[in-house]
$ cat coords.cif   # mmCIF, C-alpha atoms and all ligand atoms
data_data
#
loop_
_atom_site.group_PDB
_atom_site.id
_atom_site.type_symbol
_atom_site.label_atom_id
_atom_site.label_comp_id
_atom_site.auth_asym_id
_atom_site.auth_seq_id
_atom_site.Cartn_x
_atom_site.Cartn_y
_atom_site.Cartn_z
ATOM 1 C CA MET A 1 33.975 -11.469 36.670
ATOM 2 C CA THR A 2 30.816 -11.246 34.540
ATOM 3 C CA ALA A 3 27.814 -13.328 35.578
ATOM 4 C CA PRO A 4 27.134 -16.398 33.410
ATOM 5 C CA THR A 5 24.497 -16.268 30.693
ATOM 6 C CA LEU A 6 21.010 -17.017 31.961
ATOM 7 C CA LEU A 7 18.477 -19.069 30.028
ATOM 8 C CA LEU A 8 14.901 -17.913 30.626
ATOM 9 C CA HIS A 9 12.024 -20.194 29.745
ATOM 10 C CA PHE A 10 8.300 -20.720 30.234
ATOM 11 C CA GLU A 11 6.876 -23.613 32.261
ATOM 12 C CA ASP A 12 5.420 -25.415 29.228
ATOM 13 C CA GLU A 13 8.920 -25.688 27.729
ATOM 14 C CA HIS A 14 10.675 -26.811 30.891
ATOM 15 C CA GLU A 15 11.861 -30.112 29.434
ATOM 16 C CA SER A 16 13.439 -28.499 26.354
ATOM 17 C CA ALA A 17 14.931 -25.731 28.495
ATOM 18 C CA LEU A 18 16.527 -28.233 30.840
ATOM 19 C CA LYS A 19 18.079 -30.136 27.923
ATOM 20 C CA LEU A 20 19.404 -26.923 26.411
ATOM 21 C CA ALA A 21 20.728 -25.567 29.719
ATOM 22 C CA ARG A 22 22.599 -28.832 30.317
ATOM 23 C CA ALA A 23 23.984 -29.002 26.788
ATOM 24 C CA ALA A 24 25.083 -25.354 26.794
ATOM 25 C CA GLY A 25 26.127 -25.154 30.457
ATOM 26 C CA LEU A 26 23.728 -22.281 31.169
ATOM 27 C CA GLU A 27 21.960 -21.192 34.344
ATOM 28 C CA LEU A 28 18.219 -21.709 34.039
ATOM 29 C CA ALA A 29 15.321 -19.621 35.371
ATOM 30 C CA LYS A 30 11.613 -19.460 34.716
ATOM 31 C CA ILE A 31 9.366 -16.663 33.526
ATOM 32 C CA GLU A 32 6.159 -16.940 35.556
ATOM 33 C CA ARG A 33 3.002 -16.382 33.560
ATOM 34 C CA HIS A 34 -0.503 -15.525 34.728
ATOM 35 C CA HIS A 35 -3.631 -15.131 32.626
ATOM 36 C CA PHE A 36 -6.065 -12.610 34.035
ATOM 37 C CA PRO A 37 -9.747 -13.552 33.760
ATOM 38 C CA ASP A 38 -10.132 -11.215 30.768
ATOM 39 C CA GLY A 39 -7.304 -12.959 28.892
ATOM 40 C CA GLU A 40 -4.546 -10.406 29.491
ATOM 41 C CA LEU A 41 -1.111 -11.655 30.484
ATOM 42 C CA ARG A 42 1.098 -10.927 33.461
ATOM 43 C CA LEU A 43 4.723 -12.046 33.292
ATOM 44 C CA LEU A 44 7.193 -12.164 36.146
ATOM 45 C CA LEU A 45 10.936 -12.392 35.448
ATOM 46 C CA PRO A 46 13.772 -12.963 37.942
ATOM 47 C CA VAL A 47 14.524 -9.499 39.371
ATOM 48 C CA SER A 48 18.224 -9.376 38.773
ATOM 49 C CA LEU A 49 19.446 -10.413 35.355
ATOM 50 C CA PRO A 50 22.994 -10.837 34.054
ATOM 51 C CA GLU A 51 24.167 -8.905 31.002
ATOM 52 C CA SER A 52 23.679 -11.879 28.731
ATOM 53 C CA VAL A 53 20.242 -13.474 28.628
ATOM 54 C CA VAL A 54 18.756 -16.108 26.330
ATOM 55 C CA ILE A 55 14.997 -16.532 26.024
ATOM 56 C CA LEU A 56 13.736 -19.898 24.793
ATOM 57 C CA ARG A 57 10.344 -19.827 23.075
ATOM 58 C CA THR A 58 9.421 -22.137 20.252
ATOM 59 C CA LEU A 59 6.804 -20.411 18.127
ATOM 60 C CA ASP A 60 4.145 -22.974 17.339
ATOM 61 C CA HIS A 61 0.733 -21.440 18.230
ATOM 62 C CA PRO A 62 2.598 -18.165 17.857
ATOM 63 C CA ASN A 63 0.090 -15.388 18.372
ATOM 64 C CA GLU A 64 0.155 -15.151 22.160
ATOM 65 C CA LYS A 65 3.792 -16.208 22.302
ATOM 66 C CA LEU A 66 4.808 -13.198 20.225
ATOM 67 C CA LEU A 67 3.155 -10.958 22.796
ATOM 68 C CA GLU A 68 4.948 -12.865 25.563
ATOM 69 C CA LEU A 69 8.240 -12.152 23.792
ATOM 70 C CA LEU A 70 7.416 -8.439 23.580
ATOM 71 C CA LEU A 71 6.682 -8.266 27.318
ATOM 72 C CA ALA A 72 9.585 -10.537 28.331
ATOM 73 C CA ALA A 73 12.271 -8.940 26.152
ATOM 74 C CA ARG A 74 11.384 -5.352 27.099
ATOM 75 C CA THR A 75 11.278 -6.296 30.801
ATOM 76 C CA ALA A 76 14.573 -8.187 30.560
ATOM 77 C CA ARG A 77 16.240 -5.029 29.211
ATOM 78 C CA GLU A 78 14.822 -2.993 32.119
ATOM 79 C CA LEU A 79 16.172 -5.611 34.542
ATOM 80 C CA GLY A 80 19.724 -5.360 33.241
ATOM 81 C CA ALA A 81 20.030 -7.610 30.185
ATOM 82 C CA ARG A 82 22.270 -5.970 27.613
ATOM 83 C CA HIS A 83 22.610 -8.834 25.150
ATOM 84 C CA LEU A 84 19.409 -10.692 24.431
ATOM 85 C CA THR A 85 19.232 -13.844 22.339
ATOM 86 C CA LEU A 86 16.020 -15.498 21.212
ATOM 87 C CA VAL A 87 16.143 -19.252 20.729
ATOM 88 C CA ALA A 88 13.024 -20.123 18.753
ATOM 89 C CA PRO A 89 13.569 -23.700 17.518
ATOM 90 C CA TYR A 90 10.447 -23.211 15.382
ATOM 91 C CA LEU A 91 10.103 -19.744 13.895
ATOM 92 C CA ALA A 92 6.525 -18.952 12.896
ATOM 93 C CA TYR A 93 5.186 -16.779 10.086
ATOM 94 C CA MET A 94 8.077 -17.536 7.735
ATOM 95 C CA ARG A 95 5.918 -19.024 4.962
ATOM 96 C CA GLN A 96 4.109 -15.805 4.030
ATOM 97 C CA ASP A 97 7.059 -14.137 2.314
ATOM 98 C CA VAL A 98 5.259 -12.188 -0.438
ATOM 99 C CA ALA A 99 1.848 -10.600 -0.923
ATOM 100 C CA PHE A 100 0.037 -13.046 -3.203
ATOM 101 C CA GLN A 101 -2.697 -10.483 -3.698
ATOM 102 C CA PRO A 102 -2.862 -6.738 -3.146
ATOM 103 C CA GLY A 103 -3.532 -5.880 0.488
ATOM 104 C CA GLU A 104 -2.102 -9.107 1.931
ATOM 105 C CA ALA A 105 0.235 -8.711 4.928
ATOM 106 C CA VAL A 106 3.743 -10.045 4.301
ATOM 107 C CA SER A 107 3.920 -11.692 7.720
ATOM 108 C CA GLN A 108 7.511 -12.902 7.380
ATOM 109 C CA ARG A 109 8.824 -9.354 7.022
ATOM 110 C CA ILE A 110 6.598 -7.900 9.745
ATOM 111 C CA VAL A 111 7.214 -10.607 12.348
ATOM 112 C CA GLY A 112 10.919 -10.663 11.445
ATOM 113 C CA ARG A 113 11.220 -6.904 12.033
ATOM 114 C CA PHE A 114 9.256 -7.215 15.292
ATOM 115 C CA LEU A 115 11.733 -9.804 16.625
ATOM 116 C CA ALA A 116 14.722 -7.839 15.372
ATOM 117 C CA ASP A 117 13.547 -4.825 17.391
ATOM 118 C CA LEU A 118 13.541 -6.948 20.559
ATOM 119 C CA PHE A 119 16.619 -9.171 20.261
ATOM 120 C CA ASP A 120 20.321 -8.915 19.385
ATOM 121 C CA ALA A 121 20.506 -12.463 18.107
ATOM 122 C CA VAL A 122 18.010 -15.063 16.913
ATOM 123 C CA ILE A 123 18.714 -18.771 16.616
ATOM 124 C CA THR A 124 16.271 -21.092 14.900
ATOM 125 C CA VAL A 125 16.132 -24.418 13.086
ATOM 126 C CA ASP A 126 15.058 -24.903 9.458
ATOM 127 C CA PRO A 127 13.170 -21.651 9.023
ATOM 128 C CA HIS A 128 10.903 -21.816 5.992
ATOM 129 C CA LEU A 129 12.865 -19.523 3.691
ATOM 130 C CA HIS A 130 11.672 -19.889 0.155
ATOM 131 C CA ARG A 131 11.979 -16.714 -1.894
ATOM 132 C CA VAL A 132 14.390 -15.229 0.680
ATOM 133 C CA ALA A 133 17.993 -16.432 0.735
ATOM 134 C CA THR A 134 19.081 -15.839 4.339
ATOM 135 C CA LEU A 135 17.468 -15.684 7.765
ATOM 136 C CA GLN A 136 18.932 -12.227 8.265
ATOM 137 C CA GLU A 137 16.848 -10.876 5.379
ATOM 138 C CA ALA A 138 13.733 -12.135 7.130
ATOM 139 C CA VAL A 139 14.828 -11.283 10.681
ATOM 140 C CA PRO A 140 17.293 -8.371 10.431
ATOM 141 C CA VAL A 141 19.139 -8.836 13.755
ATOM 142 C CA PRO A 142 22.929 -8.470 14.052
ATOM 143 C CA ARG A 143 23.217 -12.276 14.451
ATOM 144 C CA ALA A 144 20.613 -14.440 12.755
ATOM 145 C CA ILE A 145 21.499 -18.121 12.883
ATOM 146 C CA ALA A 146 19.584 -20.762 10.952
ATOM 147 C CA LEU A 147 20.508 -24.292 11.963
ATOM 148 C CA THR A 148 19.248 -27.411 10.260
ATOM 149 C CA GLY A 149 17.709 -30.601 11.586
ATOM 150 C CA ALA A 150 18.303 -32.361 8.255
ATOM 151 C CA ALA A 151 21.543 -34.035 9.361
ATOM 152 C CA LEU A 152 19.996 -35.285 12.612
ATOM 153 C CA LEU A 153 17.031 -36.711 10.729
ATOM 154 C CA ALA A 154 19.338 -38.215 8.095
ATOM 155 C CA ASP A 155 21.311 -40.037 10.804
ATOM 156 C CA LEU A 156 18.098 -41.361 12.306
ATOM 157 C CA ILE A 157 16.836 -42.547 8.907
ATOM 158 C CA ALA A 158 20.170 -44.291 8.252
ATOM 159 C CA GLU A 159 19.755 -46.181 11.545
ATOM 160 C CA ARG A 160 16.134 -47.143 10.975
ATOM 161 C CA ARG A 161 15.946 -47.983 7.241
ATOM 162 C CA GLN A 162 18.069 -49.991 4.802
ATOM 163 C CA ARG A 163 18.908 -48.202 1.541
ATOM 164 C CA PRO A 164 16.116 -45.613 1.907
ATOM 165 C CA LEU A 165 14.886 -43.390 -0.890
ATOM 166 C CA LEU A 166 14.424 -39.836 0.365
ATOM 167 C CA VAL A 167 11.574 -37.943 -1.225
ATOM 168 C CA GLY A 168 10.722 -34.289 -0.720
ATOM 169 C CA PRO A 169 7.004 -33.550 -1.120
ATOM 170 C CA ASP A 170 7.535 -30.201 -2.886
ATOM 171 C CA GLN A 171 10.162 -28.000 -4.501
ATOM 172 C CA GLU A 172 10.812 -26.068 -1.279
ATOM 173 C CA SER A 173 11.930 -29.263 0.448
ATOM 174 C CA ALA A 174 14.795 -29.696 -2.043
ATOM 175 C CA GLN A 175 17.189 -27.805 0.279
ATOM 176 C CA TRP A 176 16.609 -30.223 3.196
ATOM 177 C CA ILE A 177 16.543 -33.291 0.956
ATOM 178 C CA ALA A 178 19.911 -32.331 -0.551
ATOM 179 C CA GLN A 179 21.531 -31.850 2.870
ATOM 180 C CA ALA A 180 20.179 -35.109 4.268
ATOM 181 C CA ALA A 181 20.963 -37.143 1.155
ATOM 182 C CA VAL A 182 24.556 -36.041 0.796
ATOM 183 C CA ARG A 183 25.364 -37.085 4.368
ATOM 184 C CA HIS A 184 24.696 -40.782 3.757
ATOM 185 C CA GLY A 185 24.623 -40.965 -0.036
ATOM 186 C CA PHE A 186 20.885 -41.651 -0.041
ATOM 187 C CA ASP A 187 19.005 -41.797 -3.347
ATOM 188 C CA HIS A 188 16.677 -38.827 -3.456
ATOM 189 C CA ALA A 189 14.090 -36.937 -5.468
ATOM 190 C CA VAL A 190 11.580 -34.152 -5.079
ATOM 191 C CA CYS A 191 7.867 -33.957 -6.023
ATOM 192 C CA ARG A 192 6.017 -31.015 -7.518
ATOM 193 C CA LYS A 193 3.175 -29.517 -5.533
ATOM 194 C CA VAL A 194 0.382 -27.105 -6.301
ATOM 195 C CA ARG A 195 -1.586 -25.787 -3.338
ATOM 196 C CA HIS A 196 -5.230 -24.901 -3.934
ATOM 197 C CA GLY A 197 -6.181 -24.185 -0.316
ATOM 198 C CA ASP A 198 -5.283 -24.884 3.334
ATOM 199 C CA ARG A 199 -6.158 -28.567 2.967
ATOM 200 C CA ALA A 200 -6.132 -29.002 -0.803
ATOM 201 C CA VAL A 201 -2.856 -29.915 -2.465
ATOM 202 C CA GLU A 202 -2.049 -31.584 -5.750
ATOM 203 C CA ILE A 203 1.196 -33.550 -5.980
ATOM 204 C CA GLU A 204 3.093 -34.962 -8.928
ATOM 205 C CA LEU A 205 5.674 -37.655 -8.159
ATOM 206 C CA PRO A 206 9.187 -37.334 -9.584
ATOM 207 C CA PRO A 207 10.007 -39.525 -12.605
ATOM 208 C CA ILE A 208 11.862 -42.259 -10.677
ATOM 209 C CA ASP A 209 11.163 -45.902 -9.937
ATOM 210 C CA VAL A 210 9.922 -46.244 -6.365
ATOM 211 C CA ALA A 211 8.773 -49.872 -6.660
ATOM 212 C CA GLY A 212 9.960 -51.927 -3.702
ATOM 213 C CA ARG A 213 11.772 -48.970 -2.112
ATOM 214 C CA ALA A 214 11.666 -47.928 1.546
ATOM 215 C CA VAL A 215 10.676 -44.316 0.977
ATOM 216 C CA VAL A 216 11.119 -41.634 3.609
ATOM 217 C CA LEU A 217 9.281 -38.374 3.004
ATOM 218 C CA LEU A 218 11.325 -35.535 4.493
ATOM 219 C CA ASP A 219 10.096 -31.980 4.978
ATOM 220 C CA ASP A 220 10.628 -29.001 7.257
ATOM 221 C CA VAL A 221 7.105 -28.917 8.617
ATOM 222 C CA ALA A 222 3.848 -30.838 8.704
ATOM 223 C CA SER A 223 0.846 -28.649 9.442
ATOM 224 C CA THR A 224 -2.467 -30.146 8.258
ATOM 225 C CA GLY A 225 -0.533 -33.222 7.091
ATOM 226 C CA GLN A 226 -2.229 -33.068 3.673
ATOM 227 C CA THR A 227 1.036 -32.601 1.756
ATOM 228 C CA LEU A 228 2.643 -35.680 3.280
ATOM 229 C CA ALA A 229 -0.544 -37.754 3.154
ATOM 230 C CA ARG A 230 -1.098 -37.011 -0.533
ATOM 231 C CA ALA A 231 2.528 -37.828 -1.396
ATOM 232 C CA ALA A 232 2.411 -41.034 0.679
ATOM 233 C CA ARG A 233 -0.760 -42.263 -1.074
ATOM 234 C CA LEU A 234 0.788 -41.696 -4.506
ATOM 235 C CA LEU A 235 4.039 -43.429 -3.533
ATOM 236 C CA LEU A 236 2.241 -46.474 -2.144
ATOM 237 C CA ALA A 237 -0.012 -46.595 -5.205
ATOM 238 C CA THR A 238 3.132 -46.792 -7.351
ATOM 239 C CA SER A 239 4.423 -49.776 -5.320
ATOM 240 C CA ALA A 240 6.777 -48.213 -2.755
ATOM 241 C CA ALA A 241 7.490 -50.956 -0.180
ATOM 242 C CA SER A 242 6.924 -48.547 2.714
ATOM 243 C CA VAL A 243 6.584 -44.838 3.385
ATOM 244 C CA ASP A 244 7.783 -43.191 6.586
ATOM 245 C CA VAL A 245 7.891 -39.509 7.423
ATOM 246 C CA ALA A 246 10.595 -37.306 8.955
ATOM 247 C CA VAL A 247 9.991 -33.618 9.718
ATOM 248 C CA THR A 248 11.866 -30.975 11.628
ATOM 249 C CA HIS A 249 8.762 -29.223 12.945
ATOM 250 C CA ALA A 250 5.902 -31.341 14.273
ATOM 251 C CA LEU A 251 3.104 -28.773 14.059
ATOM 252 C CA PHE A 252 0.474 -31.441 13.294
ATOM 253 C CA ALA A 253 -2.572 -29.193 13.469
ATOM 254 C CA GLY A 254 -5.809 -30.908 14.540
ATOM 255 C CA ASP A 255 -6.054 -34.450 13.157
ATOM 256 C CA ALA A 256 -2.934 -34.105 10.959
ATOM 257 C CA LEU A 257 -1.089 -37.072 12.440
ATOM 258 C CA GLN A 258 -4.095 -39.337 11.887
ATOM 259 C CA VAL A 259 -4.447 -38.028 8.316
ATOM 260 C CA ILE A 260 -0.836 -39.037 7.666
ATOM 261 C CA LEU A 261 -1.195 -42.464 9.278
ATOM 262 C CA ASP A 262 -4.481 -43.091 7.419
ATOM 263 C CA ALA A 263 -2.581 -42.522 4.167
ATOM 264 C CA GLY A 264 -0.525 -45.622 4.941
ATOM 265 C CA VAL A 265 2.562 -44.018 6.501
ATOM 266 C CA GLY A 266 4.423 -46.440 8.794
ATOM 267 C CA GLU A 267 6.411 -44.270 11.193
ATOM 268 C CA VAL A 268 6.556 -40.537 11.821
ATOM 269 C CA TRP A 269 9.760 -39.036 13.228
ATOM 270 C CA SER A 270 10.441 -35.429 14.211
ATOM 271 C CA THR A 271 12.989 -33.295 16.009
ATOM 272 C CA ASP A 272 12.047 -31.848 19.390
ATOM 273 C CA CYS A 273 11.846 -28.264 18.051
ATOM 274 C CA ILE A 274 8.151 -28.614 18.933
ATOM 275 C CA ARG A 275 7.255 -31.088 21.668
ATOM 276 C CA HIS A 276 5.247 -33.987 20.202
ATOM 277 C CA PRO A 277 4.979 -37.774 20.690
ATOM 278 C CA SER A 278 6.790 -38.219 17.340
ATOM 279 C CA ASN A 279 9.973 -36.528 18.640
ATOM 280 C CA ALA A 280 12.873 -38.854 17.886
ATOM 281 C CA VAL A 281 15.938 -36.585 17.889
ATOM 282 C CA SER A 282 16.955 -33.598 19.996
ATOM 283 C CA VAL A 283 18.224 -30.302 18.642
ATOM 284 C CA ALA A 284 19.595 -29.237 22.050
ATOM 285 C CA PRO A 285 23.272 -30.050 21.244
ATOM 286 C CA LEU A 286 23.004 -28.216 17.923
ATOM 287 C CA ILE A 287 21.543 -25.088 19.531
ATOM 288 C CA ALA A 288 24.020 -25.277 22.416
ATOM 289 C CA ALA A 289 26.918 -25.211 19.942
ATOM 290 C CA ALA A 290 25.425 -22.164 18.191
ATOM 291 C CA LEU A 291 24.856 -20.400 21.516
ATOM 292 C CA SER A 292 28.485 -20.746 22.519
ATOM 293 C CA GLY A 293 29.423 -18.404 19.672
ATOM 294 C CA THR A 294 26.580 -15.984 20.269
ATOM 295 C CA THR A 295 26.260 -15.269 23.986
ATOM 296 C CA HIS A 296 28.735 -13.062 25.782
HETATM 297 C C1 LIG B 1 5.492 -25.802 2.633
HETATM 298 O O1 LIG B 1 6.056 -25.715 1.574
HETATM 299 C C2 LIG B 1 6.024 -26.638 3.734
HETATM 300 O O2 LIG B 1 7.308 -27.111 3.485
HETATM 301 C C3 LIG B 1 5.127 -27.815 4.013
HETATM 302 O O3 LIG B 1 5.162 -28.720 2.928
HETATM 303 C C4 LIG B 1 3.721 -27.392 4.261
HETATM 304 O O4 LIG B 1 3.655 -26.306 5.133
HETATM 305 C C5 LIG B 1 2.936 -28.528 4.816
HETATM 306 O O5 LIG B 1 1.627 -28.120 5.035
HETATM 307 P P1 LIG B 1 0.474 -29.151 5.236
HETATM 308 O O6 LIG B 1 0.951 -30.165 6.242
HETATM 309 O O7 LIG B 1 -0.660 -28.314 5.765
HETATM 310 O O8 LIG B 1 0.156 -29.755 3.918
#
$ encode --input "coords.cif" --output "structure tokens"
Amino acid sequence: MTAPTLLLHFEDEHESALKLARAAGLELAKIERHHFPDGELRLLLPVSLPESVVILRTLDHPNEKLLELLLAARTARELGARHLTLVAPYLAYMRQDVAFQPGEAVSQRIVGRFLADLFDAVITVDPHLHRVATLQEAVPVPRAIALTGAALLADLIAERRQRPLLVGPDQESAQWIAQAAVRHGFDHAVCRKVRHGDRAVEIELPPIDVAGRAVVLLDDVASTGQTLARAARLLLATSAASVDVAVTHALFAGDALQVILDAGVGEVWSTDCIRHPSNAVSVAPLIAAALSGTTH
């Protein structure tokens, strides 16, 4: 009889790992991590691994975590893992998908290739794929699975708001808006956005009447919060009754959450792809279902 699949995780993601292990019926074990005084890393994995191993690592603050994945995946292979799956509920570096000027690194392609060299399968949620049609083009592993949190957020919005109007803050959000809207027949529309810098965005509202409506801004990710804050201000200035926010990935860099609240947003909801006080729905059951078709 083959040993059951083992889920490996890091201490700072223990809560998410426990939820996923329970939902997927997996054994759970920890990767111990030590930082040497000079900043180098030492990882310690369980010494005997089954053939099928899943590593959970959500990739917010990704730079050191990518190195952890390199060390952990290579060591897991040496310790007996033959089929390695990465579960990265948030997959970093997906937004830089072309070189906007000569000499610019196309991070999506480089990080995608890096992960594909380490893993046999990658599972993520709402990766930011814009000019690329499928996750497999960005991360060329044999099994690349992109799940979506849009339905979970749509169900939450349906519970919390009467006759909401879903608004996407930019053209890229149209894919998530469409999926969420169709599920409950929500009215929906998408803004136009021009980005001038990390914290400078210009937004044009769609040509629809928002007066008196309970608007929910839905997007894949909030980073500085400027996109959502700008859209919220415009919506409230054109007489929306309320504006709430729902995002899959709660990056909320620095004071982003405050920036959004200061713009007049009522509530902020997110999935638990990245742990944050705004987490309102769990992706564990969704990922567990995907894992059952991926692990051996
Ligand atoms: C980009 O198109 C994404 O969907 C988000 O709209 C964007 O990353 C949000 O960034 P920020 O919160 O920094 O405005």
$ residues_near_ligand --input "coords.cif" --ligand "ligand LIG 1 (chain B)" --cutoff "7 Å" --atoms "only C-alpha atoms and all ligand atoms" --output "ChimeraX atom specification"
/A:128,169-170,172-173,198-199,219-228
$ closest_residue --input "coords.cif" --among "A:Ala99, A:Ala92, A:Leu71, A:Leu261" --to "Arg131 of chain A" --atoms "only C-alpha atoms"
A:Ala99
$ residues_near_point --input "coords.cif" --point "(-3.8, -42.5, -0.6)" --cutoff "8 Å" --atoms "all atoms listed in the file" --output "PDB file with C-alpha atoms, in the frame of the given file"
ATOM      1  CA  ALA A 229      -0.544 -37.754   3.154  1.00  0.00           C
ATOM      2  CA  ARG A 230      -1.098 -37.011  -0.533  1.00  0.00           C
ATOM      3  CA  ALA A 231       2.528 -37.828  -1.396  1.00  0.00           C
ATOM      4  CA  ALA A 232       2.411 -41.034   0.679  1.00  0.00           C
ATOM      5  CA  ARG A 233      -0.760 -42.263  -1.074  1.00  0.00           C
ATOM      6  CA  LEU A 234       0.788 -41.696  -4.506  1.00  0.00           C
ATOM      7  CA  LEU A 236       2.241 -46.474  -2.144  1.00  0.00           C
ATOM      8  CA  ALA A 237      -0.012 -46.595  -5.205  1.00  0.00           C
ATOM      9  CA  ALA A 263      -2.581 -42.522   4.167  1.00  0.00           C
ATOM     10  CA  GLY A 264      -0.525 -45.622   4.941  1.00  0.00           C
TER      11      GLY A 264
END
$ residues_around --input "coords.cif" --residues "Asp120 of chain A" --least-positions-apart "6" --cutoff "8 Å" --atoms "all atoms listed in the file" --output "CSV table (one decimal) with C-alpha atoms, in the coordinates of the input"
chain,number,residue,atom,x,y,z
A,83,HIS,CA,22.6,-8.8,25.2
A,84,LEU,CA,19.4,-10.7,24.4
A,85,THR,CA,19.2,-13.8,22.3
A,141,VAL,CA,19.1,-8.8,13.8
A,142,PRO,CA,22.9,-8.5,14.1
A,143,ARG,CA,23.2,-12.3,14.5
$ resolve_selection --input "coords.cif" --expression "the PyMOL selection byres (((chain A and resi 137) around 12) and not hetatm)" --output "list of chain:residue names"
A:Met94, A:Asp97, A:Gln108, A:Arg109, A:Ile110, A:Val111, A:Gly112, A:Arg113, A:Ala116, A:Pro127, A:Leu129, A:His130, A:Arg131, A:Val132, A:Ala133, A:Thr134, A:Leu135, A:Gln136, A:Ala138, A:Val139, A:Pro140, A:Val141, A:Pro142, A:Arg143, A:Ala144, A:Ile145, A:Ala146
$ write_last_selection --input "coords.cif" --atoms "C-alpha atoms" --output "PDB file, in the frame of the given file"
ATOM      1  CA  MET A  94       8.077 -17.536   7.735  1.00  0.00           C
ATOM      2  CA  ASP A  97       7.059 -14.137   2.314  1.00  0.00           C
ATOM      3  CA  GLN A 108       7.511 -12.902   7.380  1.00  0.00           C
ATOM      4  CA  ARG A 109       8.824  -9.354   7.022  1.00  0.00           C
ATOM      5  CA  ILE A 110       6.598  -7.900   9.745  1.00  0.00           C
ATOM      6  CA  VAL A 111       7.214 -10.607  12.348  1.00  0.00           C
ATOM      7  CA  GLY A 112      10.919 -10.663  11.445  1.00  0.00           C
ATOM      8  CA  ARG A 113      11.220  -6.904  12.033  1.00  0.00           C
ATOM      9  CA  ALA A 116      14.722  -7.839  15.372  1.00  0.00           C
ATOM     10  CA  PRO A 127      13.170 -21.651   9.023  1.00  0.00           C
ATOM     11  CA  LEU A 129      12.865 -19.523   3.691  1.00  0.00           C
ATOM     12  CA  HIS A 130      11.672 -19.889   0.155  1.00  0.00           C
ATOM     13  CA  ARG A 131      11.979 -16.714  -1.894  1.00  0.00           C
ATOM     14  CA  VAL A 132      14.390 -15.229   0.680  1.00  0.00           C
ATOM     15  CA  ALA A 133      17.993 -16.432   0.735  1.00  0.00           C
ATOM     16  CA  THR A 134      19.081 -15.839   4.339  1.00  0.00           C
ATOM     17  CA  LEU A 135      17.468 -15.684   7.765  1.00  0.00           C
ATOM     18  CA  GLN A 136      18.932 -12.227   8.265  1.00  0.00           C
ATOM     19  CA  ALA A 138      13.733 -12.135   7.130  1.00  0.00           C
ATOM     20  CA  VAL A 139      14.828 -11.283  10.681  1.00  0.00           C
ATOM     21  CA  PRO A 140      17.293  -8.371  10.431  1.00  0.00           C
ATOM     22  CA  VAL A 141      19.139  -8.836  13.755  1.00  0.00           C
ATOM     23  CA  PRO A 142      22.929  -8.470  14.052  1.00  0.00           C
ATOM     24  CA  ARG A 143      23.217 -12.276  14.451  1.00  0.00           C
ATOM     25  CA  ALA A 144      20.613 -14.440  12.755  1.00  0.00           C
ATOM     26  CA  ILE A 145      21.499 -18.121  12.883  1.00  0.00           C
ATOM     27  CA  ALA A 146      19.584 -20.762  10.952  1.00  0.00           C
TER      28      ALA A 146
END
$ atom_distance --input "coords.cif" --atom1 "atom CA of Leu115 of chain A" --atom2 "atom CA of Asn63 of chain A"
13.0 Å
$ resolve_selection --input "coords.cif" --expression "the PyMOL selection byres (((chain A and resi 57) around 10) and not hetatm)" --output "PyMOL selection string"
chain A and resi 8-10+12-13+16-17+54-56+58-60+62+65-66+68-69+86-91+273-274
$ closest_atom_pairs --input "coords.cif" --of "segment 84-154 of chain A" --to "segment 176-180 of chain A" --cutoff "9 Å" --atoms "all atoms listed in the file" --output "Markdown table"
| residue | atom | partner | partner_atom | distance |
| --- | --- | --- | --- | --- |
| A:Asp126 | CA | A:Trp176 | CA | 8.4 |
| A:Thr148 | CA | A:Trp176 | CA | 8.0 |
| A:Gly149 | CA | A:Trp176 | CA | 8.5 |
| A:Ala150 | CA | A:Ala180 | CA | 5.2 |
| A:Ala151 | CA | A:Ala180 | CA | 5.4 |
| A:Leu152 | CA | A:Ala180 | CA | 8.3 |
| A:Leu153 | CA | A:Ala180 | CA | 7.4 |
| A:Ala154 | CA | A:Ala180 | CA | 5.0 |
$ closest_residue --input "coords.cif" --among "A:Ala23, A:Val215, A:Val125, A:Val210" --to "His249 of chain A" --atoms "all atoms listed in the file"
A:Val125
$ residues_around --input "coords.cif" --residues "Arg213 of chain A" --least-positions-apart "3" --cutoff "8 Å" --atoms "all atoms listed in the file" --output "PDB file with C-alpha atoms, in the coordinates of the input"
ATOM      1  CA  PRO A 164      16.116 -45.613   1.907  1.00  0.00           C
ATOM      2  CA  LEU A 165      14.886 -43.390  -0.890  1.00  0.00           C
ATOM      3  CA  VAL A 210       9.922 -46.244  -6.365  1.00  0.00           C
ATOM      4  CA  ALA A 240       6.777 -48.213  -2.755  1.00  0.00           C
ATOM      5  CA  ALA A 241       7.490 -50.956  -0.180  1.00  0.00           C
ATOM      6  CA  SER A 242       6.924 -48.547   2.714  1.00  0.00           C
TER       7      SER A 242
END
$ atom_distance --input "coords.cif" --atom1 "atom CA of Val53 of chain A" --atom2 "atom CA of Arg275 of chain A"
23.0 Å
$ closest_residue --input "coords.cif" --among "A:Gly39, A:Ala81, A:Leu18, A:Phe186" --to "Thr5 of chain A" --atoms "all atoms listed in the file"
A:Ala81
$ closest_residue --input "coords.cif" --among "A:Ala280, A:Val216, A:Ala76, A:Leu41" --to "Val265 of chain A" --atoms "all atoms listed in the file"
A:Val216
$ atom_distance --input "coords.cif" --atom1 "atom CA of Leu28 of chain A" --atom2 "atom CA of Ala3 of chain A"
12.8 Å
